[in-house]
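work-v5.txt follows; it contains compact mmCIF, C-alpha atoms.
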# COMPACT_ATOMS: atom_id res chain seq x y z
CA MET A 29 -16.34 -10.60 -4.64
CA VAL A 30 -16.58 -10.60 -8.43
CA GLY A 31 -13.71 -12.55 -9.95
CA ALA A 32 -12.36 -13.60 -6.57
CA SER A 33 -12.58 -17.34 -7.25
CA GLU A 34 -10.79 -16.98 -10.59
CA ASP A 35 -8.03 -14.90 -9.02
CA ARG A 36 -7.73 -17.40 -6.17
CA ILE A 37 -7.00 -20.29 -8.54
CA GLU A 38 -4.11 -18.31 -10.04
CA LYS A 39 -2.80 -17.45 -6.58
CA GLN A 40 -2.93 -21.09 -5.55
CA ASP A 41 -0.88 -21.94 -8.63
CA ARG A 42 1.67 -19.25 -7.78
CA VAL A 43 2.03 -20.46 -4.20
CA ALA A 44 2.32 -24.04 -5.43
CA ARG A 45 5.27 -22.96 -7.59
CA VAL A 46 6.92 -21.37 -4.55
CA ARG A 47 6.37 -24.62 -2.64
CA ARG A 48 7.89 -26.73 -5.41
CA GLU A 49 10.92 -24.45 -5.61
CA SER A 50 11.34 -24.87 -1.84
CA GLY A 51 11.27 -28.66 -1.93
CA GLY A 52 7.51 -29.27 -1.94
CA ALA A 53 6.89 -29.03 1.81
CA PRO A 54 3.77 -27.24 3.11
CA LEU A 55 4.09 -23.46 3.23
CA VAL A 56 2.69 -21.52 6.19
CA LEU A 57 1.46 -17.98 5.42
CA THR A 58 1.35 -15.82 8.55
CA SER A 59 1.71 -12.10 7.67
CA HIS A 60 -1.14 -9.69 7.00
CA GLU A 61 0.08 -9.08 3.46
CA ALA A 62 0.50 -12.74 2.50
CA VAL A 63 -2.71 -14.03 4.11
CA SER A 64 -4.92 -11.18 2.89
CA TRP A 65 -3.50 -11.42 -0.63
CA TYR A 66 -4.00 -15.19 -0.76
CA LEU A 67 -7.54 -15.09 0.65
CA GLU A 68 -8.80 -12.29 -1.62
CA GLY A 69 -8.62 -9.34 0.72
CA VAL A 70 -9.97 -10.73 3.99
CA ARG A 71 -9.57 -8.53 7.05
CA THR A 72 -6.87 -10.35 8.95
CA HIS A 73 -6.78 -8.07 11.98
CA VAL A 74 -8.73 -7.12 15.05
CA SER A 75 -6.21 -4.66 16.43
CA LEU A 76 -4.38 -2.80 13.68
CA ALA A 77 -1.25 -3.24 15.79
CA GLY A 78 -1.79 -6.95 16.42
CA PRO A 79 -0.85 -10.11 14.52
CA PRO A 80 -3.26 -11.77 12.05
CA VAL A 81 -6.09 -13.79 13.59
CA LEU A 82 -5.59 -16.57 11.06
CA ALA A 83 -2.82 -18.39 9.22
CA VAL A 84 -2.88 -20.51 6.05
CA ARG A 85 -1.06 -23.77 5.53
CA ALA A 86 -0.78 -24.38 1.77
CA GLU A 87 -0.02 -28.03 1.10
CA GLU A 88 -0.38 -30.69 -1.57
CA GLY A 89 -3.87 -31.71 -0.52
CA GLY A 90 -5.19 -28.13 -0.41
CA ASP A 91 -5.23 -25.21 1.97
CA VAL A 92 -5.88 -25.42 5.70
CA LEU A 93 -6.92 -22.26 7.56
CA PHE A 94 -5.99 -21.96 11.22
CA VAL A 95 -8.38 -19.43 12.75
CA ALA A 96 -8.69 -18.21 16.33
CA ASP A 97 -11.80 -19.92 17.65
CA ASN A 98 -13.33 -16.67 18.94
CA GLU A 99 -13.00 -15.14 15.45
CA ALA A 100 -14.01 -18.13 13.31
CA ASP A 101 -17.79 -17.59 13.15
CA ARG A 102 -17.38 -13.96 12.13
CA MET A 103 -14.73 -14.82 9.55
CA ILE A 104 -16.99 -17.49 8.02
CA ALA A 105 -20.02 -15.18 7.96
CA GLU A 106 -18.34 -12.01 6.73
CA GLU A 107 -14.86 -12.56 5.30
CA LEU A 108 -14.01 -15.93 3.80
CA LEU A 109 -14.90 -17.45 0.45
CA PRO A 110 -17.21 -20.49 0.82
CA GLN A 111 -14.46 -22.91 -0.18
CA ASP A 112 -12.18 -21.51 2.53
CA ALA A 113 -14.82 -21.73 5.25
CA GLU A 114 -14.91 -25.49 4.69
CA ARG A 115 -11.20 -25.88 5.47
CA ILE A 116 -10.96 -24.24 8.88
CA VAL A 117 -9.18 -25.57 11.93
CA ARG A 118 -10.37 -23.70 15.02
CA VAL A 119 -7.51 -22.71 17.31
CA PRO A 120 -7.98 -21.86 21.02
CA TRP A 121 -7.52 -18.14 21.60
CA TRP A 122 -4.40 -18.69 23.71
CA ILE A 123 -2.52 -20.38 20.82
CA PRO A 124 -1.39 -18.05 18.00
CA PRO A 125 -2.72 -19.31 14.64
CA ALA A 126 0.79 -18.96 13.19
CA VAL A 127 2.09 -21.39 15.80
CA ALA A 128 -0.71 -23.87 15.18
CA GLY A 129 -0.13 -23.77 11.44
CA ALA A 130 3.57 -24.55 11.84
CA GLU A 131 3.16 -27.54 14.15
CA ASN A 132 3.89 -30.11 11.45
CA ALA A 133 7.16 -28.61 10.19
CA GLY A 134 5.85 -26.47 7.36
CA VAL A 135 8.11 -23.97 5.58
CA PRO A 136 7.80 -20.59 7.38
CA GLU A 137 6.82 -17.59 5.30
CA SER A 138 9.98 -15.74 6.31
CA GLN A 139 12.09 -18.38 4.57
CA VAL A 140 10.57 -17.60 1.15
CA ALA A 141 9.69 -13.90 1.58
CA PRO A 142 11.27 -12.73 -1.73
CA GLN A 143 9.51 -15.50 -3.67
CA LEU A 144 6.16 -14.61 -2.11
CA ARG A 145 6.65 -10.93 -2.97
CA ALA A 146 7.25 -11.98 -6.55
CA ALA A 147 4.14 -14.17 -6.47
CA ARG A 148 1.88 -11.28 -5.48
CA ALA A 149 3.60 -8.56 -7.56
CA ARG A 150 1.49 -8.88 -10.71
CA MET A 151 -2.05 -7.93 -9.76
CA LEU A 152 -4.95 -9.93 -11.12
CA PRO A 153 -8.18 -8.52 -12.62
CA ALA A 154 -10.43 -8.62 -9.54
CA GLU A 155 -7.82 -7.11 -7.24
CA ARG A 156 -6.99 -4.39 -9.78
CA ALA A 157 -10.68 -3.45 -9.79
CA ARG A 158 -10.72 -3.35 -5.98
CA TYR A 159 -7.58 -1.23 -5.97
CA ARG A 160 -9.03 1.28 -8.43
CA SER A 161 -12.09 1.68 -6.23
CA LEU A 162 -10.00 2.09 -3.08
CA GLY A 163 -7.65 4.58 -4.73
CA HIS A 164 -10.45 6.74 -6.08
CA GLU A 165 -12.30 6.81 -2.76
CA THR A 166 -9.11 7.65 -0.87
CA ALA A 167 -8.45 10.55 -3.21
CA GLU A 168 -12.08 11.68 -2.93
CA THR A 169 -11.75 11.68 0.85
CA LEU A 170 -8.70 13.95 0.69
CA THR A 171 -10.46 16.33 -1.70
CA GLU A 172 -13.57 16.58 0.42
CA VAL A 173 -11.74 16.98 3.73
CA LEU A 174 -9.15 19.46 2.52
CA SER A 175 -11.63 21.60 0.60
CA ARG A 176 -13.15 22.51 3.97
CA VAL A 177 -10.03 23.28 6.03
CA GLY A 178 -8.53 26.65 6.88
CA PRO A 179 -5.16 27.87 8.18
CA ASP A 180 -6.44 28.20 11.77
CA GLN A 181 -7.47 24.57 12.11
CA THR A 182 -5.26 22.22 14.10
CA GLU A 183 -3.43 19.27 12.64
CA ARG A 184 -5.30 16.92 14.96
CA ALA A 185 -8.68 18.28 13.90
CA VAL A 186 -7.85 17.67 10.23
CA ALA A 187 -6.49 14.19 10.98
CA ALA A 188 -9.63 13.33 12.95
CA VAL A 189 -11.94 14.29 10.08
CA ALA A 190 -9.80 12.47 7.51
CA ALA A 191 -9.75 9.29 9.60
CA ALA A 192 -13.52 9.45 10.15
CA GLU A 193 -14.22 9.94 6.45
CA LEU A 194 -11.98 7.01 5.53
CA ILE A 195 -13.66 4.75 8.08
CA ALA A 196 -17.09 5.78 6.74
CA ARG A 197 -15.98 4.36 3.39
CA GLY A 198 -14.82 1.09 4.93
CA ILE A 199 -11.16 2.12 4.72
CA ASP A 200 -8.87 1.51 7.69
CA PRO A 201 -6.72 4.64 8.30
CA LEU A 202 -3.37 2.95 8.83
CA VAL A 203 -1.47 6.24 8.60
CA VAL A 204 -2.72 9.83 8.90
CA LEU A 205 0.02 12.48 9.04
CA VAL A 206 -0.46 16.25 9.09
CA ALA A 207 2.24 18.92 9.02
CA GLY A 208 1.36 22.58 9.44
CA ALA A 209 3.63 25.40 8.34
CA GLU A 210 5.79 25.17 11.47
CA ARG A 211 6.43 21.43 11.00
CA ARG A 212 7.03 21.08 7.28
CA GLY A 213 10.58 19.86 7.89
CA PHE A 214 9.39 16.62 9.48
CA ARG A 215 9.00 13.75 7.05
CA HIS A 216 6.62 11.71 9.28
CA PRO A 217 4.63 14.44 11.07
CA LEU A 218 2.29 12.77 13.53
CA PRO A 219 -0.54 15.30 14.14
CA THR A 220 -0.20 17.80 16.99
CA ALA A 221 -2.22 20.70 18.39
CA GLY A 222 -0.39 23.08 16.05
CA VAL A 223 -2.35 24.91 13.34
CA LEU A 224 -2.02 24.43 9.59
CA GLY A 225 -0.78 27.93 8.83
CA ASP A 226 -0.02 29.17 5.34
CA ARG A 227 0.92 25.77 3.86
CA ALA A 228 0.26 22.24 5.14
CA MET A 229 0.70 18.61 4.12
CA ILE A 230 -1.54 15.61 4.80
CA VAL A 231 -0.54 12.00 4.16
CA VAL A 232 -2.88 9.01 4.32
CA CYS A 233 -2.39 5.28 3.92
CA GLY A 234 -5.78 3.56 3.82
CA ARG A 235 -6.47 -0.18 3.68
CA ARG A 236 -9.52 -1.97 2.32
CA ASP A 237 -9.79 -5.53 1.00
CA GLY A 238 -6.22 -5.97 2.17
CA LEU A 239 -4.92 -3.37 -0.29
CA ILE A 240 -3.29 -0.13 0.81
CA ALA A 241 -3.66 3.22 -0.99
CA ASN A 242 -0.97 5.81 -0.25
CA ALA A 243 -1.35 9.51 -1.10
CA THR A 244 -0.02 12.95 -0.11
CA ARG A 245 -1.72 16.31 -0.68
CA TRP A 246 -0.81 19.94 0.10
CA VAL A 247 -3.06 22.88 0.92
CA GLY A 248 -2.30 26.59 1.14
CA ALA A 249 0.39 28.65 -0.54
CA PRO A 250 1.70 27.38 -3.88
CA VAL A 251 5.36 26.56 -4.46
CA ASP A 252 7.36 25.41 -7.47
CA GLU A 253 6.43 21.72 -7.71
CA GLU A 254 8.39 20.97 -10.88
CA PRO A 255 11.70 19.87 -9.28
CA ILE A 256 10.10 17.21 -7.09
CA LEU A 257 7.90 16.08 -9.98
CA GLY A 258 11.07 15.65 -12.01
CA VAL A 259 12.53 13.36 -9.38
CA GLU A 260 9.30 11.38 -9.23
CA ARG A 261 9.35 11.01 -13.00
CA ALA A 262 12.85 9.54 -12.84
CA PHE A 263 11.58 6.86 -10.45
CA LEU A 264 8.59 6.17 -12.71
CA ASP A 265 10.60 5.99 -15.92
CA ALA A 266 12.98 3.50 -14.36
CA SER A 267 10.18 1.30 -12.95
CA ALA A 268 9.51 -0.59 -16.15
CA PRO A 269 8.57 -4.27 -16.36
CA GLY A 270 11.76 -6.32 -16.55
CA ALA A 271 13.83 -3.78 -14.62
CA ARG A 272 15.21 -4.44 -11.15
CA LEU A 273 13.97 -2.50 -8.15
CA ASP A 274 17.45 -1.49 -6.98
CA ASP A 275 18.17 -0.02 -10.41
CA ALA A 276 14.91 1.96 -10.36
CA PHE A 277 15.80 3.21 -6.88
CA SER A 278 19.26 4.32 -8.02
CA ALA A 279 17.87 6.09 -11.08
CA GLY A 280 15.39 8.03 -8.96
CA THR A 281 17.80 9.01 -6.21
CA ALA A 282 20.35 10.20 -8.78
CA ALA A 283 17.76 12.64 -10.12
CA TYR A 284 17.78 14.78 -6.95
CA ALA A 285 21.00 16.51 -7.92
CA ARG A 286 19.83 16.90 -11.52
CA PHE A 287 16.77 18.87 -10.35
CA GLY A 288 18.64 21.19 -8.02
CA PHE A 289 18.46 19.32 -4.70
CA ASP A 290 21.36 18.15 -2.57
CA ALA A 291 22.70 14.92 -4.02
CA ASP A 292 22.15 13.17 -0.69
CA GLU A 293 18.58 14.44 -0.20
CA TRP A 294 17.28 10.89 -0.69
CA GLN A 295 19.07 9.80 2.48
CA ARG A 296 16.76 11.93 4.64
CA HIS A 297 13.64 9.84 3.97
CA HIS A 298 12.65 6.58 2.30
CA GLN A 299 11.59 6.90 -1.31
CA GLY A 300 8.75 4.38 -1.47
CA GLY A 301 8.58 1.53 -3.95
CA PRO A 302 6.14 -1.23 -4.89
CA THR A 303 2.92 -1.36 -2.88
CA GLY A 304 -0.25 -3.41 -2.62
CA TYR A 305 -0.95 -5.57 0.41
CA ALA A 306 1.87 -3.90 2.34
CA GLY A 307 2.51 -0.16 2.53
CA ARG A 308 5.68 -0.83 0.57
CA ASP A 309 6.26 -4.32 -0.76
CA PRO A 310 9.18 -3.90 -0.30
CA ARG A 311 10.53 -0.46 0.54
CA ALA A 312 13.09 0.22 -2.19
CA THR A 313 16.80 0.42 -1.33
CA VAL A 314 20.07 -0.32 -3.07
CA SER A 315 19.70 -3.91 -1.83
CA THR A 316 16.19 -4.73 -3.11
CA THR A 317 16.79 -6.69 -6.30
CA ASP A 318 13.17 -7.69 -7.00
CA LEU A 319 12.28 -7.98 -10.67
CA LEU A 320 9.52 -5.54 -11.67
CA VAL A 321 6.54 -6.81 -13.63
CA GLU A 322 3.53 -5.57 -15.57
CA ASP A 323 0.37 -4.77 -13.57
CA GLN A 324 2.42 -4.04 -10.46
CA ALA A 325 1.47 -1.21 -8.08
CA PHE A 326 3.89 1.46 -6.87
CA ALA A 327 3.91 4.38 -4.46
CA TRP A 328 7.12 6.33 -4.94
CA ASN A 329 7.32 9.32 -2.59
CA PRO A 330 10.26 11.61 -3.32
CA THR A 331 10.51 14.38 -0.77
CA ALA A 332 12.60 17.38 0.23
CA ALA A 333 12.15 20.13 2.81
CA GLY A 334 8.59 21.44 2.31
CA LEU A 335 8.03 19.28 -0.79
CA LYS A 336 6.63 15.82 -1.38
CA VAL A 337 4.64 14.02 -4.05
CA GLU A 338 2.97 10.64 -3.56
CA ASP A 339 0.25 8.67 -5.25
CA THR A 340 -0.54 5.01 -5.71
CA MET A 341 -0.09 3.97 -9.34
CA LEU A 342 -0.43 0.85 -11.43
CA ARG A 343 2.19 0.07 -14.10
CA THR A 344 0.14 -1.47 -16.91
CA GLY A 345 1.10 -2.50 -20.40
CA ALA A 346 -0.11 0.92 -21.60
CA GLY A 347 1.91 2.90 -19.05
CA TRP A 348 1.08 4.51 -15.73
CA GLU A 349 -2.43 4.58 -14.27
CA VAL A 350 -2.84 6.80 -11.19
CA LEU A 351 -5.19 5.05 -8.78
CA THR A 352 -5.45 7.73 -6.08
CA VAL A 353 -7.01 10.28 -8.40
CA ASP A 354 -9.92 12.69 -8.04
CA GLU A 355 -10.47 15.00 -11.01
CA ARG A 356 -11.64 17.76 -8.67
CA TRP A 357 -8.17 18.16 -7.17
CA PRO A 358 -5.99 20.80 -8.90
CA SER A 359 -3.25 19.31 -11.01
CA VAL A 360 -0.70 19.99 -13.72
CA GLU A 361 0.44 17.82 -16.57
CA TYR A 362 4.05 16.76 -16.20
CA GLU A 363 5.52 14.67 -19.01
CA GLY A 364 2.14 13.27 -19.98
CA LEU A 365 0.86 12.49 -16.48
CA ARG A 366 -1.52 14.61 -14.38
CA ARG A 367 0.10 15.31 -11.02
CA PRO A 368 -1.42 17.03 -7.95
CA VAL A 369 -0.42 20.51 -6.82
CA ALA A 370 -1.29 22.50 -3.70
CA ARG A 371 -4.93 23.43 -3.26
CA ALA A 372 -5.59 27.00 -2.10
CA TYR A 373 -7.59 27.39 1.10
CA GLY A 374 -11.26 27.85 0.30
CA ALA A 375 -10.86 26.68 -3.30

Is it possible to give me this structure as structure tokens?
Amino acid sequence: MVGASEDRIEKQDRVARVRRESGGAPLVLTSHEAVSWYLEGVRTHVSLAGPPVLAVRAEEGGDVLFVADNEADRMIAEELLPQDAERIVRVPWWIPPAVAGAENAGVPESQVAPQLRAARARMLPAERARYRSLGHETAETLTEVLSRVGPDQTERAVAAVAAAELIARGIDPLVVLVAGAERRGFRHPLPTAGVLGDRAMIVVCGRRDGLIANATRWVGAPVDEEPILGVERAFLDASAPGARLDDAFSAGTAAYARFGFDADEWQRHHQGGPTGYAGRDPRATVSTTDLLVEDQAFAWNPTAAGLKVEDTMLRTGAGWEVLTVDERWPSVEYEGLRRPVARAYGA
């Protein structure tokens, strides 16, 4: 990976600061988001629903990687940086790597979760490049799949093609949701045998190199998108470096009433927040007081009945950069930013 070693040095420094602030004891990284971030996007899973197959113990003398013995050869050959492959402890398959890494009283990741989120919030050059590639290919997948669908196709058929196209690009389809016309009221519509009908929504969350791209697209009949774009813009405007996440959340949720929605519309679904190595890192609420920084990724997803907008964006020093973008998808300009609108069937 180009730039991976340079990024890794900075990440080691950031984790060392977290360790010092926690008394200097070794720190044991055990979650998918922490381990994959720290090790430059390694695939930490076998089953998408299972725990990581490795853990990292960051300590004064360097990092130690605890890897399930039956996964170690593959990880060395295909995933790890050379310097990491030299620091492996092989763990019998019946002992979880997280348990092995914590045997000598290291600080558990859960104890410093907010500090670790802050450590990975500002994305470094190599991971920004990987994220741009992932975002563009995710958006391309949605364009290519949805340009071929029709109102008589089933939700499951569309989901199957989308998942296959993502996998063909090396992207793990963590989430694929499809809502046809009869199911537009559901905010997390797992695909069914129902047909798309006159207007349908598809949502994907795809992971590659540890990073997750989140995007929503609509096909079929057009509707007035401006109110939901206005709410999204309130979230974006409030998500400036130096602001707090709870304040950005409050500014966005307050915009629902201003754009003609019920004032409590935000209570019917989560609104998104920072993203990166977790789908939301963290999911924004009134209690998430994380400080926002430059070069941080976000996926706000304001939604109302039959309406939703969602893309993965990077907040740079120059403003907002949409990562999940494909110029072939129809869009409108809203307050200086191109935003997606529904694509007509057959267009």

Q. How far is it from CA of Ala146 (chain A) to CA of Gly134 (chain A), in Å with one decimal?
A.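 Spanning CA of Ala146 (chain A) to CA of Gly134 (chain A) is a straight-line distance of 20.1 Å.
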
Q) Out of A:Ser33, A:Gln139, A:Thr166, A:Ser59, which residue has the shortest atom-to-atom distance to Ala243 (chain A) when counting all atoms listed in the file? A)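 The closest residue to Ala243 (chain A) is A:Thr166.
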
(Q) Under the rule that all atoms listed in the file are counted, which of A:Leu319, A:Ile123, A:Val117, A:Ala190 is the nearest residue to Ser175 (chain A)? (A)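 Checking each of A:Leu319, A:Ile123, A:Val117, A:Ala190 against Ser175 (chain A), counting all atoms listed in the file, the winner is A:Ala190.
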
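Separating CA of Glu61 (chain A) from CA of Gly300 (chain A) is a distance of 16.8 Å.
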
Q: Give me, please, the distance in Å between CA of Pro79 (chain A) and CA of Pro302 (chain A), quoted to one decimal.
A: 22.5 Å

Q: Excluding Asp292 (chain A) and residues on its chain fewer than 2 positions from it, collect all residues at most 12 Å away from it, counting all atoms listed in the file, and give them as a ChimeraX atom specification.
A: /A:278,280-286,288-290,294-298,331-332

Please dump the current selection as a short mmCIF file (atom, residue, chain, number, x, y, z; two decimals), in the frame of the given file; keep C-alpha atoms.
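Now in selection-v8.cif:
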data_model
loop_
_atom_site.label_atom_id
_atom_site.label_comp_id
_atom_site.auth_asym_id
_atom_site.auth_seq_id
_atom_site.Cartn_x
_atom_site.Cartn_y
_atom_site.Cartn_z
CA SER A 278 19.26 4.32 -8.02
CA GLY A 280 15.39 8.03 -8.96
CA THR A 281 17.80 9.01 -6.21
CA ALA A 282 20.35 10.20 -8.78
CA ALA A 283 17.76 12.64 -10.12
CA TYR A 284 17.78 14.78 -6.95
CA ALA A 285 21.00 16.51 -7.92
CA ARG A 286 19.83 16.90 -11.52
CA GLY A 288 18.64 21.19 -8.02
CA PHE A 289 18.46 19.32 -4.70
CA ASP A 290 21.36 18.15 -2.57
CA TRP A 294 17.28 10.89 -0.69
CA GLN A 295 19.07 9.80 2.48
CA ARG A 296 16.76 11.93 4.64
CA HIS A 297 13.64 9.84 3.97
CA HIS A 298 12.65 6.58 2.30
CA THR A 331 10.51 14.38 -0.77
CA ALA A 332 12.60 17.38 0.23
#

Hey, could you pull the box centre and edge lengths for region 310-324 of chain A, axis-aligned, 8 Å padding per side, all listed atoms, to one decimal in Å, as lines of an AutoDock Vina configuration file?
center_x = 10.2
center_y = -3.8
center_z = -7.5
size_x = 35.7
size_y = 24.4
size_z = 32.1

Q: Show which residues sit within 8 Å of Leu67 (chain A), as a list of chain:residue names. Count all atoms listed in the file, and ignore same-chain residues fewer than 5 positions away.
A: A:Arg36, A:Leu108, A:Leu109

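Of the listed residues (A:Glu183, A:Asp97, A:Glu165, A:Asp35), A:Glu183 comes nearest to Glu210 (chain A); the distances count all atoms listed in the file.
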
(Q) For a quick check of understanding, using all atoms listed in the file, which of A:Gly248, A:Pro201, A:Gly334, A:Gly307 has the smallest distance to Gly213 (chain A)? (A)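 Ranking A:Gly248, A:Pro201, A:Gly334, A:Gly307 by distance to Gly213 (chain A), first place goes to A:Gly334.
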
Q | Distance criterion (only C-alpha atoms): nearest to Ala86 (chain A) out of A:Val74, A:Val46, A:Val223, A:Val259 | A |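 With only C-alpha atoms as the atom set, the closest residue is A:Val46.
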
Q. With only C-alpha atoms as the atoms that count, which of A:Asp237, A:Asp180, A:Asp226, A:Asp200 lies nearest to Tyr66 (chain A)?
A.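 Comparing A:Asp237, A:Asp180, A:Asp226, A:Asp200 against Tyr66 (chain A), the winner is A:Asp237.
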
Neighbourhood query: residues within 10 Å of (12.1, 1.0, -12.2), file coordinates, counting all atoms listed in the file; return as a tab-separated table (two decimals) with C-alpha atoms, in the coordinates of the input.
chain	number	residue	atom	x	y	z
A	262	ALA	CA	12.85	9.54	-12.84
A	263	PHE	CA	11.58	6.86	-10.45
A	264	LEU	CA	8.59	6.17	-12.71
A	265	ASP	CA	10.60	5.99	-15.92
A	266	ALA	CA	12.98	3.50	-14.36
A	267	SER	CA	10.18	1.30	-12.95
A	268	ALA	CA	9.51	-0.59	-16.15
A	269	PRO	CA	8.57	-4.27	-16.36
A	270	GLY	CA	11.76	-6.32	-16.55
A	271	ALA	CA	13.83	-3.78	-14.62
A	272	ARG	CA	15.21	-4.44	-11.15
A	273	LEU	CA	13.97	-2.50	-8.15
A	274	ASP	CA	17.45	-1.49	-6.98
A	275	ASP	CA	18.17	-0.02	-10.41
A	276	ALA	CA	14.91	1.96	-10.36
A	277	PHE	CA	15.80	3.21	-6.88
A	278	SER	CA	19.26	4.32	-8.02
A	279	ALA	CA	17.87	6.09	-11.08
A	280	GLY	CA	15.39	8.03	-8.96
A	301	GLY	CA	8.58	1.53	-3.95
A	302	PRO	CA	6.14	-1.23	-4.89
A	319	LEU	CA	12.28	-7.98	-10.67
A	320	LEU	CA	9.52	-5.54	-11.67
A	321	VAL	CA	6.54	-6.81	-13.63
A	326	PHE	CA	3.89	1.46	-6.87

Q.
I want to know what sits within 12 Å of Ser50 (chain A), based on all atoms listed in the file, with residues of the same chain fewer than 2 positions away left out; could you give that as a list in words?
A.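 Close residues of Ser50 (chain A): Val43, Ala44, Arg45, Val46, Arg47, Arg48, Gly52, Ala53, Pro54, Leu55, Gly134, Val135, Pro136, Glu137, Gln139, Val140, Ala141, Gln143 and Leu144 of chain A.
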
Q | All residues 12 Å or closer to Glu254 (chain A), only C-alpha atoms, same chain fewer than 2 positions away omitted, as a ChimeraX atom specification | A | /A:250-252,256-261,284,287-289,335-337,359-363,367-369

Please produce a file of the residues just selected, as a tab-separated table (two decimals), keeping the file's coordinate frame, where the atoms kept are C-alpha atoms.
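To be explicit, this is the file written out as out.tsv:
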chain	number	residue	atom	x	y	z
A	250	PRO	CA	1.70	27.38	-3.88
A	251	VAL	CA	5.36	26.56	-4.46
A	252	ASP	CA	7.36	25.41	-7.47
A	256	ILE	CA	10.10	17.21	-7.09
A	257	LEU	CA	7.90	16.08	-9.98
A	258	GLY	CA	11.07	15.65	-12.01
A	259	VAL	CA	12.53	13.36	-9.38
A	260	GLU	CA	9.30	11.38	-9.23
A	261	ARG	CA	9.35	11.01	-13.00
A	284	TYR	CA	17.78	14.78	-6.95
A	287	PHE	CA	16.77	18.87	-10.35
A	288	GLY	CA	18.64	21.19	-8.02
A	289	PHE	CA	18.46	19.32	-4.70
A	335	LEU	CA	8.03	19.28	-0.79
A	336	LYS	CA	6.63	15.82	-1.38
A	337	VAL	CA	4.64	14.02	-4.05
A	359	SER	CA	-3.25	19.31	-11.01
A	360	VAL	CA	-0.70	19.99	-13.72
A	361	GLU	CA	0.44	17.82	-16.57
A	362	TYR	CA	4.05	16.76	-16.20
A	363	GLU	CA	5.52	14.67	-19.01
A	367	ARG	CA	0.10	15.31	-11.02
A	368	PRO	CA	-1.42	17.03	-7.95
A	369	VAL	CA	-0.42	20.51	-6.82

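Residues with at least one atom no more than 12 Å from (-9.4, -4.6, -12.1), using all atoms listed in the file, are Met29, Val30, Gly31, Ala32, Asp35, Arg150, Met151, Leu152, Pro153, Ala154, Glu155, Arg156, Ala157, Arg158, Tyr159, Arg160, Ser161, Leu162, Gly163, Asp323, Gln324, Leu342, Thr344, Glu349 and Leu351 of chain A.
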